[in-house]
>>> print(open('query_24.tsv').read())   # TSV, C-alpha atoms
chain	number	residue	atom	x	y	z
A	1	MET	CA	-39.14	1.42	57.90
A	2	LYS	CA	-39.93	4.62	59.76
A	3	ARG	CA	-38.84	4.96	63.30
A	4	PRO	CA	-41.29	6.49	65.82
A	5	GLU	CA	-40.58	10.05	66.73
A	6	GLY	CA	-39.02	10.80	70.02
A	7	PHE	CA	-36.40	8.11	69.81
A	8	ASP	CA	-34.06	10.08	67.52
A	9	GLU	CA	-31.69	11.88	69.87
A	10	GLY	CA	-29.20	13.01	67.21
A	11	PRO	CA	-29.50	14.42	63.72
A	12	ALA	CA	-31.43	12.36	61.20
A	13	GLN	CA	-29.39	9.93	59.16
A	14	PRO	CA	-30.41	8.88	55.65
A	15	GLU	CA	-31.55	5.28	55.62
A	16	ALA	CA	-29.42	3.13	53.32
A	17	PRO	CA	-31.44	1.37	50.66
A	18	VAL	CA	-31.99	-2.32	51.12
A	19	GLU	CA	-30.69	-3.09	47.65
A	20	HIS	CA	-27.35	-1.48	48.58
A	21	ASP	CA	-27.11	-3.70	51.65
A	22	ARG	CA	-27.80	-6.78	49.56
A	23	GLU	CA	-25.06	-6.07	47.06
A	24	PRO	CA	-21.91	-8.11	47.78
A	25	ARG	CA	-18.91	-6.10	48.86
A	26	GLU	CA	-15.91	-6.13	46.58
A	27	ARG	CA	-12.91	-7.47	48.39
A	28	ARG	CA	-9.72	-5.64	47.60
A	29	ALA	CA	-6.25	-6.93	48.27
A	30	PRO	CA	-3.93	-4.64	50.21
A	31	ARG	CA	-1.95	-2.31	48.01
A	32	LEU	CA	1.77	-2.96	47.94
A	33	PRO	CA	4.11	-0.02	48.47
A	34	ARG	CA	5.68	1.28	45.28
A	35	LEU	CA	9.43	1.17	45.13
A	36	PRO	CA	11.20	4.46	44.72
A	37	VAL	CA	12.37	5.17	41.18
A	38	ARG	CA	15.87	6.52	40.74
A	39	ARG	CA	15.94	9.37	38.33
A	40	GLY	CA	19.13	10.86	36.90
A	41	ALA	CA	22.46	10.64	38.58
A	42	GLY	CA	21.32	12.31	41.79
A	43	THR	CA	20.61	10.57	45.03
A	44	ASP	CA	17.25	12.18	45.67
A	45	GLN	CA	14.48	9.63	46.11
A	46	GLU	CA	10.81	10.23	46.00
A	47	ALA	CA	9.27	9.62	49.38
A	48	ARG	CA	5.89	7.93	49.30
A	49	PRO	CA	3.74	7.30	52.35
A	50	ALA	CA	3.38	3.66	53.26
A	51	PRO	CA	-0.20	2.38	52.95
A	52	ALA	CA	-2.09	1.73	56.09
A	53	PRO	CA	-2.23	-1.90	57.03
A	54	SER	CA	-5.59	-3.38	56.24
A	55	ASP	CA	-7.60	-4.74	59.06
A	56	PRO	CA	-8.11	-8.45	59.06
A	57	GLU	CA	-11.34	-9.58	57.52
A	58	PRO	CA	-13.96	-9.87	60.20
A	59	LYS	CA	-14.94	-13.38	61.06
A	60	ARG	CA	-18.20	-14.35	59.43
A	61	PRO	CA	-20.64	-16.75	60.98
A	62	THR	CA	-20.62	-20.32	59.63
A	63	PRO	CA	-23.67	-21.67	57.85
A	64	ALA	CA	-24.29	-24.19	60.61
A	65	THR	CA	-27.66	-22.88	61.69
A	66	THR	CA	-29.29	-21.43	58.58
A	67	GLY	CA	-27.29	-22.91	55.64
A	68	LEU	CA	-26.76	-19.33	54.33
A	69	ARG	CA	-23.79	-16.98	54.48
A	70	ALA	CA	-25.08	-14.49	57.05
A	71	SER	CA	-22.99	-11.44	57.77
A	72	HIS	CA	-23.65	-8.28	59.63
A	73	PRO	CA	-24.05	-5.16	57.51
A	74	ALA	CA	-21.30	-3.62	59.46
A	75	ALA	CA	-18.90	-6.18	58.06
A	76	ASP	CA	-19.61	-4.99	54.49
A	77	VAL	CA	-18.54	-1.47	55.39
A	78	ALA	CA	-14.95	-0.61	54.58
A	79	PRO	CA	-12.77	-0.63	57.67
A	80	PRO	CA	-11.80	2.79	58.90
A	81	ARG	CA	-8.33	4.08	58.35
A	82	ASP	CA	-5.85	4.87	61.08
A	83	GLY	CA	-7.03	7.59	63.36
A	84	ALA	CA	-10.72	7.07	62.57
A	85	ARG	CA	-13.06	6.03	65.31
A	86	ARG	CA	-14.50	2.56	64.93
A	87	PRO	CA	-18.21	2.52	65.84
A	88	GLN	CA	-19.21	0.30	68.66
A	89	GLU	CA	-21.25	-2.78	68.05
A	90	GLY	CA	-24.95	-2.00	68.48
A	91	ALA	CA	-24.52	1.72	67.68
A	92	THR	CA	-24.91	3.95	64.64
A	93	PRO	CA	-21.92	5.32	62.77
A	94	ASP	CA	-22.23	8.63	64.62
A	95	GLY	CA	-22.01	6.85	67.95
A	96	ARG	CA	-25.70	6.87	68.84
A	97	ALA	CA	-26.91	3.77	70.60
A	98	LEU	CA	-29.46	1.65	68.78
A	99	ASP	CA	-32.72	0.86	70.40
A	100	ALA	CA	-34.26	-2.60	70.44
A	101	SER	CA	-36.38	-2.14	67.28
A	102	GLU	CA	-33.50	-0.80	65.17
A	103	HIS	CA	-31.19	-3.51	66.38
A	104	GLY	CA	-33.67	-6.25	65.45
A	105	GLU	CA	-34.34	-4.69	62.07
A	106	ARG	CA	-30.60	-4.63	61.22
A	107	GLU	CA	-30.19	-8.25	62.24
A	108	HIS	CA	-33.18	-9.21	60.11
A	109	VAL	CA	-31.79	-7.39	57.06
A	110	ALA	CA	-28.37	-9.00	57.49
A	111	THR	CA	-29.94	-12.40	57.77
A	112	VAL	CA	-32.25	-12.08	54.77
A	113	THR	CA	-30.26	-10.04	52.32
A	114	ASP	CA	-26.91	-11.80	52.57
A	115	VAL	CA	-27.90	-14.75	50.28
A	116	VAL	CA	-25.48	-17.18	48.78
A	117	ASP	CA	-24.75	-16.57	45.08
A	118	ALA	CA	-26.43	-19.28	42.94
A	119	THR	CA	-23.51	-19.58	40.54
A	120	THR	CA	-20.97	-19.91	43.35
A	121	ALA	CA	-23.09	-22.37	45.26
A	122	SER	CA	-23.58	-24.63	42.21
A	123	ARG	CA	-19.82	-25.12	41.84
A	124	PRO	CA	-18.21	-27.37	44.43
A	125	SER	CA	-15.21	-25.59	45.97
A	126	SER	CA	-14.25	-28.30	48.41
A	127	PRO	CA	-14.57	-32.06	48.74
A	128	GLU	CA	-17.29	-31.62	51.37
A	129	ARG	CA	-19.35	-29.47	48.96
A	130	ALA	CA	-18.70	-31.89	46.05
A	131	GLU	CA	-20.08	-34.71	48.18
A	132	GLU	CA	-23.18	-32.62	48.83
A	133	THR	CA	-23.85	-32.38	44.99
A	134	PRO	CA	-26.83	-34.59	44.09
A	135	ILE	CA	-26.16	-37.72	42.02
A	136	GLY	CA	-29.04	-36.84	39.70
A	137	ALA	CA	-27.35	-33.58	38.74
A	138	ARG	CA	-24.18	-35.38	37.70
A	139	VAL	CA	-26.20	-37.93	35.71
A	140	ARG	CA	-28.13	-35.17	33.97
A	141	ALA	CA	-24.88	-33.34	33.19
A	142	ALA	CA	-23.38	-36.52	31.71
A	143	GLU	CA	-26.51	-37.16	29.62
A	144	THR	CA	-26.49	-33.58	28.42
A	145	ALA	CA	-22.84	-33.86	27.39
A	146	ARG	CA	-23.51	-37.15	25.59
A	147	GLU	CA	-26.50	-35.68	23.78
A	148	ALA	CA	-24.37	-32.72	22.78
A	149	ARG	CA	-21.72	-35.04	21.33
A	150	VAL	CA	-24.36	-37.03	19.44
A	151	ALA	CA	-25.86	-33.81	18.11
A	152	ARG	CA	-22.47	-32.61	16.93
A	153	LYS	CA	-21.78	-35.89	15.15
A	154	ARG	CA	-25.24	-35.82	13.53
A	155	ARG	CA	-24.72	-32.25	12.43
A	156	LYS	CA	-21.34	-33.12	10.90
A	157	LEU	CA	-22.88	-36.08	9.04
A	158	LEU	CA	-25.70	-33.93	7.72
A	159	GLU	CA	-23.28	-31.23	6.62
A	160	ARG	CA	-21.12	-33.81	4.88
A	161	ALA	CA	-24.15	-35.30	3.13
A	162	GLU	CA	-25.26	-31.86	1.97
A	163	VAL	CA	-21.79	-31.08	0.67
A	164	ARG	CA	-21.67	-34.38	-1.22
A	165	ARG	CA	-25.15	-33.78	-2.65
A	166	PHE	CA	-24.33	-30.32	-3.94
A	167	THR	CA	-20.92	-31.38	-5.30
A	168	ARG	CA	-22.04	-34.65	-6.94
A	169	ARG	CA	-21.96	-33.28	-10.49
A	170	SER	CA	-18.53	-31.73	-10.08
A	171	ARG	CA	-17.18	-34.92	-8.50
A	172	HIS	CA	-18.57	-37.01	-11.37
A	173	ARG	CA	-17.03	-34.58	-13.83
A	174	ARG	CA	-13.66	-34.83	-12.11
A	175	VAL	CA	-13.88	-38.63	-12.06
A	176	ALA	CA	-14.73	-38.71	-15.77
A	177	TRP	CA	-11.85	-36.40	-16.66
A	178	ALA	CA	-9.48	-38.36	-14.44
A	179	THR	CA	-10.57	-41.65	-16.04
A	180	ALA	CA	-10.19	-40.25	-19.55
A	181	GLY	CA	-6.79	-38.84	-18.69
A	182	GLY	CA	-5.69	-42.15	-17.21
A	183	VAL	CA	-6.83	-44.02	-20.32
A	184	VAL	CA	-4.97	-41.61	-22.58
A	185	VAL	CA	-1.81	-41.89	-20.52
A	186	VAL	CA	-1.96	-45.70	-20.44
A	187	LEU	CA	-2.64	-45.84	-24.18
A	188	GLY	CA	0.24	-43.49	-24.91
A	189	VAL	CA	2.63	-45.46	-22.74
A	190	SER	CA	1.50	-48.72	-24.35
A	191	ILE	CA	2.08	-47.34	-27.83
A	192	LEU	CA	5.52	-46.09	-26.92
A	193	VAL	CA	6.46	-49.43	-25.39
A	194	ALA	CA	5.07	-51.40	-28.35
A	195	VAL	CA	6.75	-49.26	-31.00
A	196	TYR	CA	10.12	-48.43	-29.52
A	197	SER	CA	10.76	-50.77	-26.60
A	198	PRO	CA	13.13	-53.71	-27.23
A	199	LEU	CA	10.90	-55.74	-24.90
A	200	MET	CA	8.46	-56.18	-27.82
A	201	ALA	CA	11.11	-57.12	-30.41
A	202	LEU	CA	10.62	-60.21	-32.59
A	203	ARG	CA	12.61	-63.25	-31.46
A	204	THR	CA	10.59	-66.32	-32.55
A	205	ILE	CA	8.95	-67.22	-35.91
A	206	GLU	CA	6.45	-70.09	-35.98
A	207	ILE	CA	5.32	-71.76	-39.26
A	208	LYS	CA	2.01	-73.65	-39.42
A	209	GLY	CA	0.09	-75.56	-42.15
A	210	THR	CA	2.97	-76.82	-44.25
A	211	SER	CA	3.39	-80.31	-45.67
A	212	ARG	CA	5.26	-79.79	-48.97
A	213	VAL	CA	6.96	-76.50	-48.08
A	214	ASP	CA	10.23	-76.63	-46.15
A	215	ASP	CA	9.69	-74.96	-42.75
A	216	ALA	CA	13.37	-74.26	-42.15
A	217	ALA	CA	13.79	-72.59	-45.55
A	218	LEU	CA	10.75	-70.39	-44.98
A	219	ARG	CA	11.90	-69.44	-41.47
A	220	GLN	CA	15.34	-68.58	-42.83
A	221	ALA	CA	13.76	-66.33	-45.45
A	222	LEU	CA	11.86	-64.42	-42.77
A	223	SER	CA	14.81	-64.13	-40.38
A	224	GLU	CA	15.54	-60.58	-41.54
A	225	GLN	CA	12.70	-59.37	-39.29
A	226	ILE	CA	14.34	-60.71	-36.13
A	227	GLY	CA	15.00	-57.90	-33.63
A	228	THR	CA	12.33	-55.57	-35.02
A	229	PRO	CA	9.45	-54.57	-32.66
A	230	LEU	CA	6.20	-56.30	-33.58
A	231	ALA	CA	4.48	-53.00	-34.29
A	232	ARG	CA	7.17	-52.05	-36.82
A	233	LEU	CA	7.41	-55.29	-38.84
A	234	ASP	CA	7.78	-54.80	-42.61
A	235	PHE	CA	4.91	-56.87	-44.01
A	236	GLY	CA	5.81	-55.87	-47.56
A	237	ALA	CA	9.16	-57.58	-47.15
A	238	ILE	CA	7.46	-60.61	-45.58
A	239	LYS	CA	5.10	-60.93	-48.57
A	240	LYS	CA	8.03	-60.72	-50.96
A	241	ASP	CA	9.93	-63.44	-49.10
A	242	ILE	CA	6.93	-65.80	-49.04
A	243	ALA	CA	6.27	-65.25	-52.75
A	244	GLY	CA	9.52	-67.10	-53.43
A	245	PHE	CA	7.74	-70.35	-52.44
A	246	PRO	CA	5.34	-71.25	-55.32
A	247	LEU	CA	3.66	-74.01	-53.38
A	248	ILE	CA	2.21	-71.48	-50.93
A	249	GLU	CA	-1.18	-70.34	-52.13
A	250	SER	CA	-1.92	-67.93	-49.24
A	251	TYR	CA	-0.72	-67.13	-45.76
A	252	VAL	CA	-1.84	-65.33	-42.59
A	253	THR	CA	0.45	-63.58	-40.10
A	254	GLU	CA	-0.35	-63.11	-36.43
A	255	GLU	CA	1.66	-61.29	-33.78
A	256	GLU	CA	1.75	-62.88	-30.35
A	257	PRO	CA	3.28	-60.43	-27.86
A	258	PRO	CA	5.81	-60.02	-26.69
A	259	ASN	CA	8.25	-61.71	-29.10
A	260	THR	CA	6.51	-64.18	-31.47
A	261	LEU	CA	5.31	-64.05	-35.09
A	262	VAL	CA	3.06	-66.89	-36.30
A	263	VAL	CA	2.76	-67.55	-40.07
A	264	THR	CA	-0.07	-69.89	-41.09
A	265	VAL	CA	0.40	-71.19	-44.64
A	266	THR	CA	-2.18	-72.59	-47.07
A	267	GLU	CA	-0.43	-74.76	-49.63
A	268	ARG	CA	-1.57	-75.22	-53.20
A	269	SER	CA	-3.72	-78.26	-53.91
A	270	PRO	CA	-3.46	-79.96	-57.35
A	271	VAL	CA	-6.73	-80.39	-59.25
A	272	VAL	CA	-5.75	-82.04	-62.53
A	273	ALA	CA	-2.81	-83.94	-63.89
A	274	VAL	CA	-1.04	-82.91	-67.09
A	275	LYS	CA	1.14	-85.35	-69.03
A	276	THR	CA	4.62	-83.97	-69.57
A	277	GLY	CA	6.85	-86.52	-71.31
A	278	ASP	CA	7.01	-89.73	-69.31
A	279	SER	CA	5.67	-88.23	-66.04
A	280	PHE	CA	2.60	-86.43	-64.87
A	281	SER	CA	2.59	-82.93	-63.36
A	282	LEU	CA	0.01	-82.21	-60.66
A	283	VAL	CA	-1.32	-78.71	-61.32
A	284	ASP	CA	-3.53	-76.44	-59.21
A	285	PRO	CA	-6.28	-74.17	-60.65
A	286	ALA	CA	-3.78	-71.33	-61.15
A	287	GLY	CA	-1.60	-73.55	-63.43
A	288	ILE	CA	1.16	-73.98	-60.82
A	289	VAL	CA	2.83	-77.37	-60.82
A	290	VAL	CA	2.66	-78.59	-57.26
A	291	GLN	CA	4.57	-81.78	-57.74
A	292	SER	CA	5.44	-84.44	-60.28
A	293	SER	CA	4.37	-88.09	-60.30
A	294	PRO	CA	5.49	-90.98	-62.55
A	295	THR	CA	1.91	-92.29	-62.70
A	296	GLN	CA	-1.49	-90.66	-62.98
A	297	PRO	CA	-3.26	-90.39	-59.61
A	298	ASP	CA	-6.62	-92.16	-59.43
A	299	THR	CA	-8.34	-89.19	-57.79
A	300	MET	CA	-7.32	-86.63	-60.46
A	301	PRO	CA	-8.59	-86.42	-64.03
A	302	LEU	CA	-6.13	-86.06	-66.90
A	303	ALA	CA	-6.40	-82.66	-68.54
A	304	ASP	CA	-5.96	-82.56	-72.34
A	305	ILE	CA	-5.00	-78.96	-72.92
A	306	GLY	CA	-3.81	-79.47	-76.49
A	307	SER	CA	-2.02	-76.41	-77.63
A	308	ALA	CA	-3.17	-74.34	-74.62
A	309	LYS	CA	-0.77	-73.42	-71.88
A	310	LEU	CA	-0.96	-73.86	-68.17
A	311	GLY	CA	-2.72	-70.91	-66.62
A	312	SER	CA	-4.57	-69.95	-69.81
A	313	SER	CA	-8.32	-69.20	-69.91
A	314	VAL	CA	-9.06	-72.66	-71.42
A	315	PHE	CA	-7.08	-74.37	-68.65
A	316	ARG	CA	-8.81	-72.29	-65.95
A	317	THR	CA	-12.21	-73.20	-67.42
A	318	MET	CA	-11.42	-76.93	-67.21
A	319	THR	CA	-10.20	-76.69	-63.61
A	320	GLU	CA	-13.29	-74.64	-62.66
A	321	VAL	CA	-15.59	-77.36	-64.01
A	322	VAL	CA	-13.66	-80.09	-62.19
A	323	LEU	CA	-13.90	-78.19	-58.90
A	324	ALA	CA	-17.70	-77.79	-59.36
A	325	LEU	CA	-18.28	-81.56	-59.56
A	326	PRO	CA	-19.54	-83.42	-56.47
A	327	SER	CA	-16.99	-85.70	-54.85
A	328	THR	CA	-18.94	-88.82	-55.89
A	329	VAL	CA	-19.00	-87.75	-59.56
A	330	ARG	CA	-15.43	-86.41	-59.57
A	331	ALA	CA	-14.16	-89.83	-58.54
A	332	GLN	CA	-15.75	-91.28	-61.72
A	333	VAL	CA	-14.17	-88.69	-64.08
A	334	SER	CA	-10.99	-89.84	-65.80
A	335	GLY	CA	-10.33	-86.93	-68.18
A	336	VAL	CA	-11.30	-83.41	-69.17
A	337	SER	CA	-10.74	-81.64	-72.47
A	338	ALA	CA	-11.66	-78.34	-74.11
A	339	THR	CA	-10.92	-76.58	-77.35
A	340	THR	CA	-12.47	-73.28	-76.25
A	341	ALA	CA	-13.75	-71.83	-73.01
A	342	ASP	CA	-17.34	-72.76	-73.98
A	343	ASP	CA	-16.71	-76.35	-75.06
A	344	VAL	CA	-15.77	-78.48	-72.04
A	345	THR	CA	-16.14	-82.25	-72.25
A	346	LEU	CA	-15.67	-84.81	-69.46
A	347	THR	CA	-14.77	-88.49	-69.86
A	348	MET	CA	-16.06	-91.05	-67.32
A	349	LYS	CA	-14.19	-94.17	-66.25
A	350	ASP	CA	-16.93	-96.45	-67.68
A	351	GLY	CA	-16.52	-94.88	-71.13
A	352	SER	CA	-19.44	-92.44	-70.91
A	353	ARG	CA	-19.07	-88.86	-72.00
A	354	VAL	CA	-20.43	-85.58	-70.55
A	355	VAL	CA	-21.18	-82.53	-72.66
A	356	TRP	CA	-20.71	-79.65	-70.24
A	357	GLY	CA	-20.45	-76.61	-72.39
A	358	SER	CA	-19.52	-73.31	-70.72
A	359	PRO	CA	-18.58	-73.00	-67.05
A	360	ASP	CA	-21.74	-70.91	-66.39
A	361	GLU	CA	-24.19	-72.38	-63.86
A	362	SER	CA	-21.70	-75.09	-62.98
A	363	ASP	CA	-23.44	-75.89	-59.68
A	364	ALA	CA	-26.81	-76.57	-61.35
A	365	LYS	CA	-25.15	-78.64	-64.07
A	366	ALA	CA	-23.26	-80.68	-61.45
A	367	ALA	CA	-26.51	-81.48	-59.58
A	368	LEU	CA	-28.23	-82.48	-62.83
A	369	LEU	CA	-25.32	-84.72	-63.85
A	370	ASP	CA	-25.41	-86.48	-60.50
A	371	ALA	CA	-29.12	-87.24	-60.95
A	372	LEU	CA	-28.64	-88.52	-64.49
A	373	VAL	CA	-25.77	-90.82	-63.51
A	374	LYS	CA	-27.83	-92.35	-60.69
A	375	ASP	CA	-30.83	-92.85	-63.00
A	376	HIS	CA	-28.74	-94.59	-65.68
A	377	ALA	CA	-27.00	-96.79	-63.12
A	378	SER	CA	-30.37	-98.00	-61.84
A	379	ARG	CA	-31.54	-98.98	-65.36
A	380	ASP	CA	-28.53	-100.05	-67.49
A	381	PRO	CA	-25.20	-99.51	-65.76
A	382	ASP	CA	-23.15	-101.51	-68.29
A	383	THR	CA	-24.03	-99.36	-71.32
A	384	ALA	CA	-21.90	-96.34	-72.14
A	385	VAL	CA	-23.99	-93.25	-72.86
A	386	GLU	CA	-23.60	-89.52	-73.35
A	387	TYR	CA	-24.91	-87.06	-70.77
A	388	ASP	CA	-25.80	-83.60	-72.04
A	389	VAL	CA	-26.04	-81.02	-69.25
A	390	SER	CA	-25.22	-77.92	-71.28
A	391	ALA	CA	-28.80	-76.78	-70.55
A	392	PRO	CA	-29.22	-77.26	-66.80
A	393	ASP	CA	-33.02	-77.16	-66.99
A	394	ASN	CA	-33.21	-80.05	-69.55
A	395	GLY	CA	-30.81	-82.99	-69.07
A	396	ILE	CA	-30.45	-85.55	-71.85
A	397	ILE	CA	-29.14	-89.11	-71.86
A	398	ARG	CA	-28.38	-90.42	-75.35
A	399	ALA	CA	-26.56	-93.38	-76.74
A	400	GLN	CA	-23.08	-92.83	-78.05
A	401	SER	CA	-22.75	-92.77	-81.79
>>> encode(input="query_24.tsv", output="structure tokens")
Amino acid sequence: MKRPEGFDEGPAQPEAPVEHDREPRERRAPRLPRLPVRRGAGTDQEARPAPAPSDPEPKRPTPATTGLRASHPAADVAPPRDGARRPQEGATPDGRALDASEHGEREHVATVTDVVDATTASRPSSPERAEETPIGARVRAAETAREARVARKRRKLLERAEVRRFTRRSRHRRVAWATAGGVVVVLGVSILVAVYSPLMALRTIEIKGTSRVDDAALRQALSEQIGTPLARLDFGAIKKDIAGFPLIESYVTEEEPPNTLVVTVTERSPVVAVKTGDSFSLVDPAGIVVQSSPTQPDTMPLADIGSAKLGSSVFRTMTEVVLALPSTVRAQVSGVSATTADDVTLTMKDGSRVVWGSPDESDAKAALLDALVKDHASRDPDTAVEYDVSAPDNGIIRAQS
């Protein structure tokens, strides 16, 4: 603002820019005197002038009237040092008295330009100022903080999901390799335990399916395997020990961990009886004598082997034919004889005779013989006849000569 001419009694002073008046003054603490530093062994000390005591900060008006920190521009000016002349209130720095217009202008600038800093005013520095903070501001700040926490959690979840999505194949590959490795390790440990550990050693032998064979004798024969792990049992030696019992036709072994071996035996079953002196030997199809009997059993036919031996081809042919007969017809057969392997003849209990021939197509011949016996029993059961089933497609019933 230009002053009217004629009022300037002294030399013109440059008008301070308004922006400079509005800038806050930097407050500096009083400088402390530096202590003298002792150098060398001498007693000389460096003399330093003591700083001038700083003037107390001028008292600023309280924001009781306007609610703003109003201060006079003169208060923002650095206090003069000792010996300098302090300008009087209401005068210029050179001592010239201010007129009414200049004085009002300075007061207006001090009132308008000295505005409270927004950052400082937003922070409560005292309980009275904290109480003046609006409740809505605190609520908005709390909501903003909560939203920030929720956003951070959501971002972490999204990042974790993205990481899992991009690493799914590698994780599956690691799981597959880990599973395969675990299976291999478990299998290896199991094999080692089964083969070498004494925990899997044989301690008990169980015998099943015997009626004519002595269980104790068979168990004693197999006792050499006691103490051997189940995975290292010598089955060749077991077969050799069981072969010493002729009444055993076949057997099955089963290991039951951790310490048991189960042997299931199938004994030989006699098919025909062979007269030997005054007794009868019950023989199985392989020609093995199962047992001896003083009388001929009613359920077994008497085999007339002639000059043939037990276990020969002729004897095997006769036993094969007997085994092919139905149970109803076999009960009516009292004897079987053969001179060759292709000339088998059966004798019925009622005196009838059956021409069987070779053991080929024994099943068809057995069915045909059953039909012929039923047909003859329905017509003339008391007459002895001869049944010819050597040709299974043409059965013949003829009278005995």
>>> residues_near_point(input="query_24.tsv", point="(-28.5, -85.9, -65.9)", cutoff="10 Å", atoms="all atoms listed in the file", output="PyMOL selection string")
chain A and resi 354+365-376+386-389+392-397
>>> closest_residue(input="query_24.tsv", among="A:Ala148, A:Ala221, A:Val272, A:Ile207", to="A:Val252", atoms="only C-alpha atoms")
A:Ile207
>>> residues_near_point(input="query_24.tsv", point="(-15.5, -75.6, -64.6)", cutoff="10 Å", atoms="only C-alpha atoms", output="tab-separated table (two decimals) with C-alpha atoms, in the frame of the given file")
chain	number	residue	atom	x	y	z
A	314	VAL	CA	-9.06	-72.66	-71.42
A	315	PHE	CA	-7.08	-74.37	-68.65
A	316	ARG	CA	-8.81	-72.29	-65.95
A	317	THR	CA	-12.21	-73.20	-67.42
A	318	MET	CA	-11.42	-76.93	-67.21
A	319	THR	CA	-10.20	-76.69	-63.61
A	320	GLU	CA	-13.29	-74.64	-62.66
A	321	VAL	CA	-15.59	-77.36	-64.01
A	322	VAL	CA	-13.66	-80.09	-62.19
A	323	LEU	CA	-13.90	-78.19	-58.90
A	324	ALA	CA	-17.70	-77.79	-59.36
A	325	LEU	CA	-18.28	-81.56	-59.56
A	336	VAL	CA	-11.30	-83.41	-69.17
A	341	ALA	CA	-13.75	-71.83	-73.01
A	342	ASP	CA	-17.34	-72.76	-73.98
A	344	VAL	CA	-15.77	-78.48	-72.04
A	356	TRP	CA	-20.71	-79.65	-70.24
A	357	GLY	CA	-20.45	-76.61	-72.39
A	358	SER	CA	-19.52	-73.31	-70.72
A	359	PRO	CA	-18.58	-73.00	-67.05
A	360	ASP	CA	-21.74	-70.91	-66.39
A	361	GLU	CA	-24.19	-72.38	-63.86
A	362	SER	CA	-21.70	-75.09	-62.98
A	363	ASP	CA	-23.44	-75.89	-59.68
A	366	ALA	CA	-23.26	-80.68	-61.45
>>> closest_residue(input="query_24.tsv", among="A:Asp284, A:Ser250, A:Ser312, A:Ala331", to="A:Thr299", atoms="all atoms listed in the file")
A:Ala331
>>> atom_distance(input="query_24.tsv", atom1="atom CA of A:Arg398", atom2="atom CA of A:Met300")
26.1 Å
>>> axis_aligned_box(input="query_24.tsv", around="stretch 250-256 of chain A", padding_each_side="6 Å", output="lines of an AutoDock Vina configuration file")
center_x = -0.1
center_y = -64.6
center_z = -39.8
size_x = 15.7
size_y = 18.6
size_z = 30.9
>>> residues_around(input="query_24.tsv", residues="A:Ser279", least_positions_apart="4", cutoff="8 Å", atoms="all atoms listed in the file", output="mmCIF file with C-alpha atoms, in the coordinates of the input")
data_model
loop_
_atom_site.group_PDB
_atom_site.id
_atom_site.type_symbol
_atom_site.label_atom_id
_atom_site.label_comp_id
_atom_site.auth_asym_id
_atom_site.auth_seq_id
_atom_site.Cartn_x
_atom_site.Cartn_y
_atom_site.Cartn_z
ATOM 1 C CA LYS A 275 1.140 -85.350 -69.030
ATOM 2 C CA SER A 292 5.440 -84.440 -60.280
ATOM 3 C CA SER A 293 4.370 -88.090 -60.300
ATOM 4 C CA PRO A 294 5.490 -90.980 -62.550
ATOM 5 C CA THR A 295 1.910 -92.290 -62.700
#
>>> closest_residue(input="query_24.tsv", among="A:Leu302, A:Arg219, A:Thr345, A:Ser211", to="A:Ser269", atoms="only C-alpha atoms")
A:Ser211
>>> atom_distance(input="query_24.tsv", atom1="atom CA of A:Phe280", atom2="atom CA of A:Gln296")
6.2 Å
>>> closest_residue(input="query_24.tsv", among="A:Glu206, A:Asp382, A:Glu147, A:Asp304", to="A:Glu254", atoms="all atoms listed in the file")
A:Glu206
>>> atom_distance(input="query_24.tsv", atom1="atom CA of A:Pro229", atom2="atom CA of A:Val262")
14.3 Å
>>> closest_residue(input="query_24.tsv", among="A:Pro285, A:Lys208, A:Arg154, A:Gln291", to="A:Tyr251", atoms="all atoms listed in the file")
A:Lys208
>>> residues_around(input="query_24.tsv", residues="A:Thr253", least_positions_apart="3", cutoff="9 Å", atoms="all atoms listed in the file", output="ChimeraX atom specification")
/A:235,261-265
>>> write_last_selection(input="query_24.tsv", atoms="C-alpha atoms", output="short mmCIF file (atom, residue, chain, number, x, y, z; two decimals), in the coordinates of the input")
data_model
loop_
_atom_site.label_atom_id
_atom_site.label_comp_id
_atom_site.auth_asym_id
_atom_site.auth_seq_id
_atom_site.Cartn_x
_atom_site.Cartn_y
_atom_site.Cartn_z
CA PHE A 235 4.91 -56.87 -44.01
CA LEU A 261 5.31 -64.05 -35.09
CA VAL A 262 3.06 -66.89 -36.30
CA VAL A 263 2.76 -67.55 -40.07
CA THR A 264 -0.07 -69.89 -41.09
CA VAL A 265 0.40 -71.19 -44.64
#
>>> closest_residue(input="query_24.tsv", among="A:Asp343, A:Glu143, A:Asp350, A:Glu256", to="A:Ala384", atoms="only C-alpha atoms")
A:Asp350
>>> residues_around(input="query_24.tsv", residues="A:Leu346", least_positions_apart="4", cutoff="7 Å", atoms="all atoms listed in the file", output="list in words")
Val333, Gly335, Val336, Ser337, Arg353, Val354 and Val355 of chain A
